[in-house]
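Participant: Input structure: upload_12.txt, which contains compact mmCIF, C-alpha atoms.
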# COMPACT_ATOMS: atom_id res chain seq x y z
CA VAL A 134 7.67 -11.11 6.98
CA GLY A 135 6.02 -10.00 10.15
CA CYS A 136 6.28 -8.69 13.68
CA MET A 137 5.29 -9.71 17.19
CA VAL A 138 4.43 -7.03 19.73
CA GLY A 139 3.96 -7.87 23.42
CA ASN A 140 2.30 -5.86 26.20
CA ALA A 141 3.02 -2.82 24.08
CA TRP A 142 2.53 0.76 25.26
CA THR A 143 0.54 2.01 22.26
CA ASP A 144 -2.02 4.71 23.04
CA ALA A 145 -1.78 6.72 26.25
CA ALA A 146 -5.50 7.40 26.66
CA LEU A 147 -6.56 3.80 26.10
CA ASP A 148 -3.63 2.07 27.82
CA ASN A 149 -3.92 4.21 30.95
CA ALA A 150 -7.68 3.74 31.12
CA GLY A 151 -7.09 0.02 30.74
CA ALA A 152 -4.50 0.05 33.53
CA ALA A 153 -6.78 1.80 36.02
CA PHE A 154 -9.60 -0.60 35.13
CA PHE A 155 -7.26 -3.58 35.52
CA TRP A 156 -6.27 -2.48 39.03
CA TRP A 157 -9.89 -2.08 40.04
CA SER A 158 -11.16 -5.26 38.36
CA HIS A 159 -8.39 -7.30 39.99
CA ALA A 160 -9.27 -5.95 43.44
CA LEU A 161 -6.04 -3.99 43.84
CA ILE A 162 -7.68 -0.61 44.50
CA SER A 163 -10.93 0.65 45.97
CA ASP A 164 -14.01 1.80 44.08
CA GLU A 165 -13.48 5.31 45.40
CA THR A 166 -9.89 5.56 44.22
CA TYR A 167 -10.71 4.11 40.80
CA ASN A 168 -13.50 6.63 40.28
CA ASN A 169 -11.32 9.51 41.49
CA ILE A 170 -8.50 8.57 39.11
CA LYS A 171 -10.96 8.52 36.21
CA LYS A 172 -12.23 11.97 37.15
CA ALA A 173 -8.90 13.62 38.01
CA CYS A 174 -6.39 12.28 35.47
CA ASN A 175 -6.10 13.15 31.80
CA TYR A 176 -5.10 9.72 30.49
CA SER A 177 -4.03 11.02 27.10
CA GLN A 178 -1.20 13.06 28.62
CA LEU A 179 0.24 10.42 30.93
CA ALA A 180 3.12 8.07 30.45
CA PRO A 181 2.37 4.66 32.03
CA ILE A 182 0.62 5.55 35.28
CA LEU A 183 2.83 3.32 37.42
CA SER A 184 6.36 2.39 36.46
CA ASN A 185 8.12 -0.17 38.69
CA SER A 186 6.05 1.10 41.63
CA GLU A 187 7.43 4.63 41.30
CA GLN A 188 5.21 7.66 40.75
CA ILE A 189 5.97 9.58 37.57
CA SER A 190 4.89 12.91 36.08
CA LEU A 191 1.16 13.08 35.57
CA SER A 192 -1.33 15.42 33.96
CA SER A 193 -4.80 16.10 35.31
CA SER A 194 -8.14 16.46 33.62
CA SER A 195 -9.29 19.91 32.60
CA GLY A 196 -10.15 22.06 35.60
CA LEU A 197 -8.22 19.90 38.05
CA SER A 198 -4.68 20.38 39.33
CA THR A 199 -1.89 17.96 38.56
CA ASP A 200 -1.47 17.55 42.30
CA GLU A 201 -4.98 16.09 42.53
CA CYS A 202 -4.22 13.42 39.95
CA ASP A 203 -0.90 12.68 41.66
CA LEU A 204 -2.71 12.36 44.96
CA PHE A 205 -5.09 9.69 43.72
CA ILE A 206 -2.32 7.73 41.99
CA GLU A 207 -0.33 7.82 45.22
CA LYS A 208 -3.39 6.56 47.08
CA ALA A 209 -3.74 3.73 44.55
CA GLN A 210 -0.13 2.74 45.22
CA LYS A 211 -0.76 2.65 48.96
CA GLU A 212 -3.89 0.56 48.49
CA MET A 213 -2.04 -1.92 46.28
CA GLY A 214 0.74 -2.34 48.80
CA ASN A 215 4.19 -3.63 48.03
CA ILE A 216 3.43 -5.74 44.95
CA ASN A 217 5.13 -6.36 41.64
CA ILE A 218 3.34 -4.14 39.13
CA ASP A 219 4.82 -6.17 36.24
CA ASN A 220 3.20 -9.36 37.55
CA ILE A 221 0.62 -8.87 40.27
CA TYR A 222 0.86 -12.48 41.45
CA ALA A 223 4.67 -12.67 41.65
CA ASP A 224 6.35 -12.16 45.03
CA MET A 225 8.63 -9.23 45.73
CA CYS A 226 12.35 -9.38 46.39
CA LEU A 227 12.92 -8.48 50.03
CA GLU A 228 16.66 -9.19 50.16
CA GLN A 229 17.62 -5.54 49.75
CA GLU A 230 19.68 -3.21 51.88
CA GLY A 231 17.59 -2.12 54.85
CA GLY A 232 14.96 -4.70 54.01
CA LEU A 233 13.44 -2.60 51.23
CA ALA A 234 11.79 -4.40 48.38
CA HIS A 235 11.85 -3.63 44.70
CA SER A 236 9.53 -4.62 41.90
CA ASP A 237 11.06 -7.39 39.83
CA SER A 238 10.55 -6.48 36.19
CA THR A 239 10.23 -9.33 33.74
CA MET A 240 13.96 -9.23 33.05
CA ARG A 241 14.27 -9.70 36.80
CA MET A 242 12.22 -12.83 36.46
CA PHE A 243 14.61 -14.13 33.82
CA ALA A 244 14.08 -17.81 34.53
CA GLN A 245 11.44 -20.13 35.90
CA LYS A 246 12.31 -23.47 37.44
CA GLN A 247 10.05 -26.45 37.02
CA LEU A 248 9.42 -28.27 40.29
CA GLY A 249 6.98 -30.81 38.98
CA GLU A 250 4.29 -31.48 36.47
CA GLY A 251 2.26 -28.32 36.02
CA GLN A 252 4.18 -26.39 38.71
CA MET A 253 6.33 -23.32 38.07
CA TRP A 254 8.48 -21.54 40.63
CA MET A 255 9.92 -18.07 40.26
CA TYR A 256 12.59 -16.79 42.63
CA PRO A 257 11.77 -13.10 43.21
CA CYS A 258 15.38 -12.03 43.86
CA LEU A 259 16.80 -13.77 40.83
CA TYR A 260 17.56 -10.48 39.11
CA ASP A 261 20.04 -9.49 41.80
CA TYR A 262 22.17 -12.51 40.94
CA MET A 263 21.59 -12.26 37.20
CA GLU A 264 22.71 -8.63 37.15
CA LYS A 265 25.94 -9.46 38.96
CA TYR A 266 26.52 -12.40 36.63
CA LEU A 267 25.94 -10.44 33.42
CA ASN A 268 28.24 -7.64 34.59
CA ARG A 269 31.18 -10.02 34.91
CA LYS A 270 33.76 -9.31 32.21
CA ASP A 271 34.32 -12.99 31.44
CA VAL A 272 30.59 -13.52 30.94
CA GLN A 273 30.29 -10.48 28.67
CA LEU A 274 33.22 -11.76 26.64
CA ALA A 275 31.67 -15.23 26.38
CA ILE A 276 28.34 -13.93 25.12
CA HIS A 277 29.99 -11.34 22.82
CA ALA A 278 28.33 -8.42 24.62
CA SER A 279 29.55 -4.88 24.14
CA THR A 280 31.66 -3.39 26.89
CA LEU A 281 29.73 -0.58 28.57
CA PRO A 282 31.18 2.41 30.45
CA TYR A 283 28.62 1.68 33.16
CA GLU A 284 27.05 -1.39 34.75
CA TRP A 285 24.46 -3.23 32.71
CA ASN A 286 20.94 -3.14 34.14
CA GLY A 287 17.82 -4.92 32.95
CA CYS A 288 15.81 -1.71 33.06
CA THR A 289 18.36 1.05 32.74
CA MET A 290 17.71 4.72 33.44
CA MET A 291 20.53 5.68 31.06
CA VAL A 292 18.05 6.04 28.19
CA ASN A 293 16.25 9.37 28.24
CA TYR A 294 12.89 8.94 26.54
CA SER A 295 11.06 11.93 25.10
CA GLU A 296 8.04 12.72 27.27
CA GLN A 297 6.06 13.68 24.19
CA ASP A 298 6.99 10.48 22.37
CA GLN A 299 5.66 8.47 25.30
CA VAL A 300 2.17 9.91 24.89
CA ASN A 301 2.07 9.93 21.08
CA SER A 302 -0.29 7.25 19.80
CA MET A 303 1.10 4.37 17.73
CA LEU A 304 -2.30 3.61 16.21
CA PRO A 305 -1.54 5.55 12.99
CA VAL A 306 1.56 3.36 12.58
CA TYR A 307 -0.54 0.21 12.72
CA ARG A 308 -2.92 1.61 10.13
CA LYS A 309 0.04 2.12 7.81
CA LEU A 310 1.41 -1.35 8.52
CA PHE A 311 -1.91 -2.86 7.49
CA HIS A 312 -1.13 -1.81 3.92
CA SER A 313 2.18 -3.73 3.96
CA ASP A 314 0.75 -7.26 4.09
CA LEU A 315 2.70 -8.05 7.26
CA HIS A 316 2.05 -11.05 9.48
CA ILE A 317 1.29 -9.33 12.83
CA LEU A 318 0.80 -10.91 16.26
CA ILE A 319 -0.15 -8.76 19.25
CA TYR A 320 0.12 -10.59 22.57
CA SER A 321 -0.38 -9.79 26.24
CA GLY A 322 0.66 -11.46 29.45
CA ASP A 323 -2.57 -11.42 31.41
CA VAL A 324 -1.22 -10.49 34.86
CA ASP A 325 0.79 -7.42 33.78
CA ALA A 326 -0.62 -4.33 35.51
CA ILE A 327 1.65 -1.69 33.94
CA VAL A 328 0.58 -2.18 30.30
CA PRO A 329 -2.26 -4.64 30.85
CA VAL A 330 -4.37 -6.67 28.48
CA THR A 331 -7.38 -4.45 29.19
CA GLY A 332 -5.70 -1.48 27.54
CA THR A 333 -4.51 -3.55 24.59
CA ARG A 334 -8.01 -4.84 23.93
CA ALA A 335 -9.30 -1.27 24.02
CA TRP A 336 -6.88 0.05 21.40
CA LEU A 337 -7.43 -2.99 19.19
CA LYS A 338 -11.10 -1.97 19.07
CA ALA A 339 -10.01 1.44 17.79
CA LEU A 340 -8.38 -0.12 14.70
CA PRO A 341 -10.16 -1.04 11.45
CA LEU A 342 -10.27 -4.78 12.10
CA THR A 343 -12.73 -7.47 11.10
CA GLU A 344 -12.98 -10.60 13.24
CA VAL A 345 -12.28 -13.81 11.34
CA VAL A 346 -11.96 -16.38 14.15
CA GLY A 347 -13.65 -15.64 17.45
CA TRP A 348 -12.30 -15.77 20.99
CA HIS A 349 -10.85 -19.19 21.74
CA PRO A 350 -8.29 -20.91 24.01
CA TRP A 351 -4.92 -21.87 22.56
CA MET A 352 -2.88 -24.78 23.87
CA ASP A 353 0.79 -25.02 24.70
CA SER A 354 3.04 -27.99 23.90
CA LYS A 355 2.04 -29.65 27.19
CA ASN A 356 -1.60 -29.48 26.14
CA GLN A 357 -2.42 -26.89 28.79
CA VAL A 358 -4.45 -23.77 28.06
CA ALA A 359 -1.70 -21.25 27.34
CA GLY A 360 -4.00 -18.30 26.84
CA TYR A 361 -6.73 -17.03 24.57
CA GLY A 362 -6.80 -15.60 21.08
CA VAL A 363 -8.84 -13.92 18.41
CA VAL A 364 -7.97 -13.69 14.71
CA TYR A 365 -8.68 -10.54 12.74
CA ASP A 366 -8.25 -9.91 9.04
CA LYS A 367 -5.09 -7.84 9.59
CA LEU A 368 -3.58 -9.30 12.77
CA THR A 369 -3.91 -11.91 15.49
CA PHE A 370 -4.27 -11.10 19.17
CA ALA A 371 -3.35 -13.58 21.90
CA THR A 372 -3.09 -13.59 25.66
CA VAL A 373 -0.56 -15.67 27.58
CA ARG A 374 -1.97 -17.09 30.78
CA ASN A 375 -0.20 -16.26 34.04
CA ALA A 376 2.45 -14.15 32.29
CA GLY A 377 3.52 -10.66 33.28
CA HIS A 378 5.12 -7.81 31.37
CA GLU A 379 7.55 -9.24 28.79
CA VAL A 380 6.01 -12.69 28.55
CA PRO A 381 9.14 -14.91 28.09
CA GLY A 382 10.46 -13.95 31.52
CA TYR A 383 7.43 -15.48 33.23
CA GLN A 384 6.19 -18.15 30.81
CA PRO A 385 9.17 -19.19 28.66
CA LEU A 386 7.64 -22.39 27.30
CA ARG A 387 4.40 -20.74 26.27
CA ALA A 388 6.33 -17.85 24.78
CA LEU A 389 8.45 -20.30 22.78
CA ASP A 390 5.39 -22.21 21.58
CA MET A 391 3.78 -18.96 20.48
CA PHE A 392 6.96 -17.79 18.76
CA ASN A 393 7.47 -21.07 16.90
CA ARG A 394 3.91 -21.06 15.60
CA PHE A 395 4.28 -17.46 14.53
CA LEU A 396 7.43 -18.28 12.53
CA LYS A 397 5.67 -21.22 10.90
CA ASN A 398 2.56 -19.14 10.24
CA GLN A 399 0.50 -21.60 12.26
CA LYS A 400 -2.66 -20.59 14.06
CA LEU A 401 -2.72 -20.52 17.83
In structure tokens, write the structure found in this file.

Facilitator:
Amino acid sequence: VGCMVGNAWTDAALDNAGAAFFWWSHALISDETYNNIKKACNYSQLAPILSNSEQISLSSSSGLSTDECDLFIEKAQKEMGNINIDNIYADMCLEQEGGLAHSDSTMRMFAQKQLGEGQMWMYPCLYDYMEKYLNRKDVQLAIHASTLPYEWNGCTMMVNYSEQDQVNSMLPVYRKLFHSDLHILIYSGDVDAIVPVTGTRAWLKALPLTEVVGWHPWMDSKNQVAGYGVVYDKLTFATVRNAGHEVPGYQPLRALDMFNRFLKNQKL
């Protein structure tokens, strides 16, 4: 019995700090903007700082106005430019009405096509076609999907999440799970900038974990480095190389290899 958790929003303070650091360390934003975000924004009271390239409600540090935090986040967005926040190295879909682009979430990168040995190609507008396909009644019938009173969307706004729930830490839940003798794998696509690996590594350090096997590369079924891992006494943490938010959408083979080994209780 166990669970796998990928690029998981877990602790607002640590995940947001990790996100801002990721942007800066990957040369997406300036030194000035990074430092201003750290000073102005109260990370513990923020939902994910950027969500599909749209600004969301923010909370500022003590003594500073919310507008000031918003201002620096907006500046960060402008400095980043029109990129996919779910995978900073994936191209944007530009085939939109009026030429406007949108950020392809991992569901929007549903498939990758192999062009040759070691090469992967991702069509940035694939989601547009996938959404139309999955909203066809004959397709829904064939895959035994429920009939919805509205169009299916890979990242729907029909679900209203509690703002407070979004900033509540999940770390106490992990501490409870550690008493259940569960097989736990935490994994992160390493080019996700919305819930990046830097934040995940930070909240892992906040848990009562003892390292058993140190940092090491793990190999996929093609004998390529698929990512990196570290084994603790209560869980395993792994990265997946060149994967964005929701790993299988960007690296399906590596995700499958990881999943199969998890089911077989094999080490990465």

Participant: How far is it from CA of Arg308 (chain A) to CA of Trp336 (chain A), in Å with one decimal?

Facilitator: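 Distance between the two atoms: 12.0 Å.
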
Participant: Restricting the calculation to all atoms listed in the file: of A:Glu264, A:Glu212, A:Asp314, A:Asp298, which residue gets closest to Ile162 (chain A)?

Facilitator: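 Ranking A:Glu264, A:Glu212, A:Asp314, A:Asp298 by distance to Ile162 (chain A), first place goes to A:Glu212.
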
Participant: First collect every listed atom of region 219-229 of chain A; then fit an axis-aligned box around them, widen it by 8 Å on each side, and give centre and edge lengths in Å to one decimal, as AutoDock Vina command-line options.

Facilitator:
--center_x 9.1 --center_y -9.1 --center_z 43.2 --size_x 33.0 --size_y 23.1 --size_z 29.9

Participant: Have a look at CA of Leu281 (chain A) and CA of Leu267 (chain A) and let me know their distance in Å, one decimal.

Facilitator: 11.6 Å

Participant: Of the candidates A:Leu179, A:Ala275, A:Leu337, A:Leu396, which shows the shortest atom-to-atom distance to Cys202 (chain A), using all atoms listed in the file?

Facilitator: A:Leu179

Participant: Which residue gives the smallest distance to His312 (chain A) among A:Leu161, A:Leu368, A:Ala278, A:Met263, with all atoms listed in the file counted?

Facilitator: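 Comparing A:Leu161, A:Leu368, A:Ala278, A:Met263 against His312 (chain A), the winner is A:Leu368.
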
Participant: Any idea what's packed within 8 Å of region 165-169 of chain A, counting only C-alpha atoms, ignoring anything in its chain fewer than 2 positions away? Could you give it as a PyMOL selection string?

Facilitator: chain A and resi 153-154+157+162-163+171-173+205+208-209

Participant: Which is closest to Asn356 (chain A) among A:Glu379, A:Asp390, A:Asp323, A:Asp271, if we use all atoms listed in the file?

Facilitator: A:Asp390

Participant: Just checking: using all atoms listed in the file, which residue out of A:Val138, A:Val292, A:Gln299, A:Thr369 ends up closest to Trp348 (chain A)?

Facilitator: A:Thr369

Participant: So the first atom is CA of Ser295 (chain A) and the second is CA of Asn217 (chain A); what is the distance between them in Å, to one decimal place?

Facilitator: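 Interatomic distance here is 25.4 Å.
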
Participant: Please list as a ChimeraX atom specification every residue within 10 Å of region 320-322 of chain A, counting only C-alpha atoms and excluding residues in the same chain fewer than 4 positions away.

Facilitator: /A:137-141,219-220,326,328-334,360-362,369-381,383-384,388,391

Participant: Go through A:Asp164, A:Asp261, A:Asp144, A:Glu296 one by one, measure the shortest atom-to-atom distance of each to Leu227 (chain A) using all atoms listed in the file, and give the residue with the smallest value.

Facilitator: A:Asp261
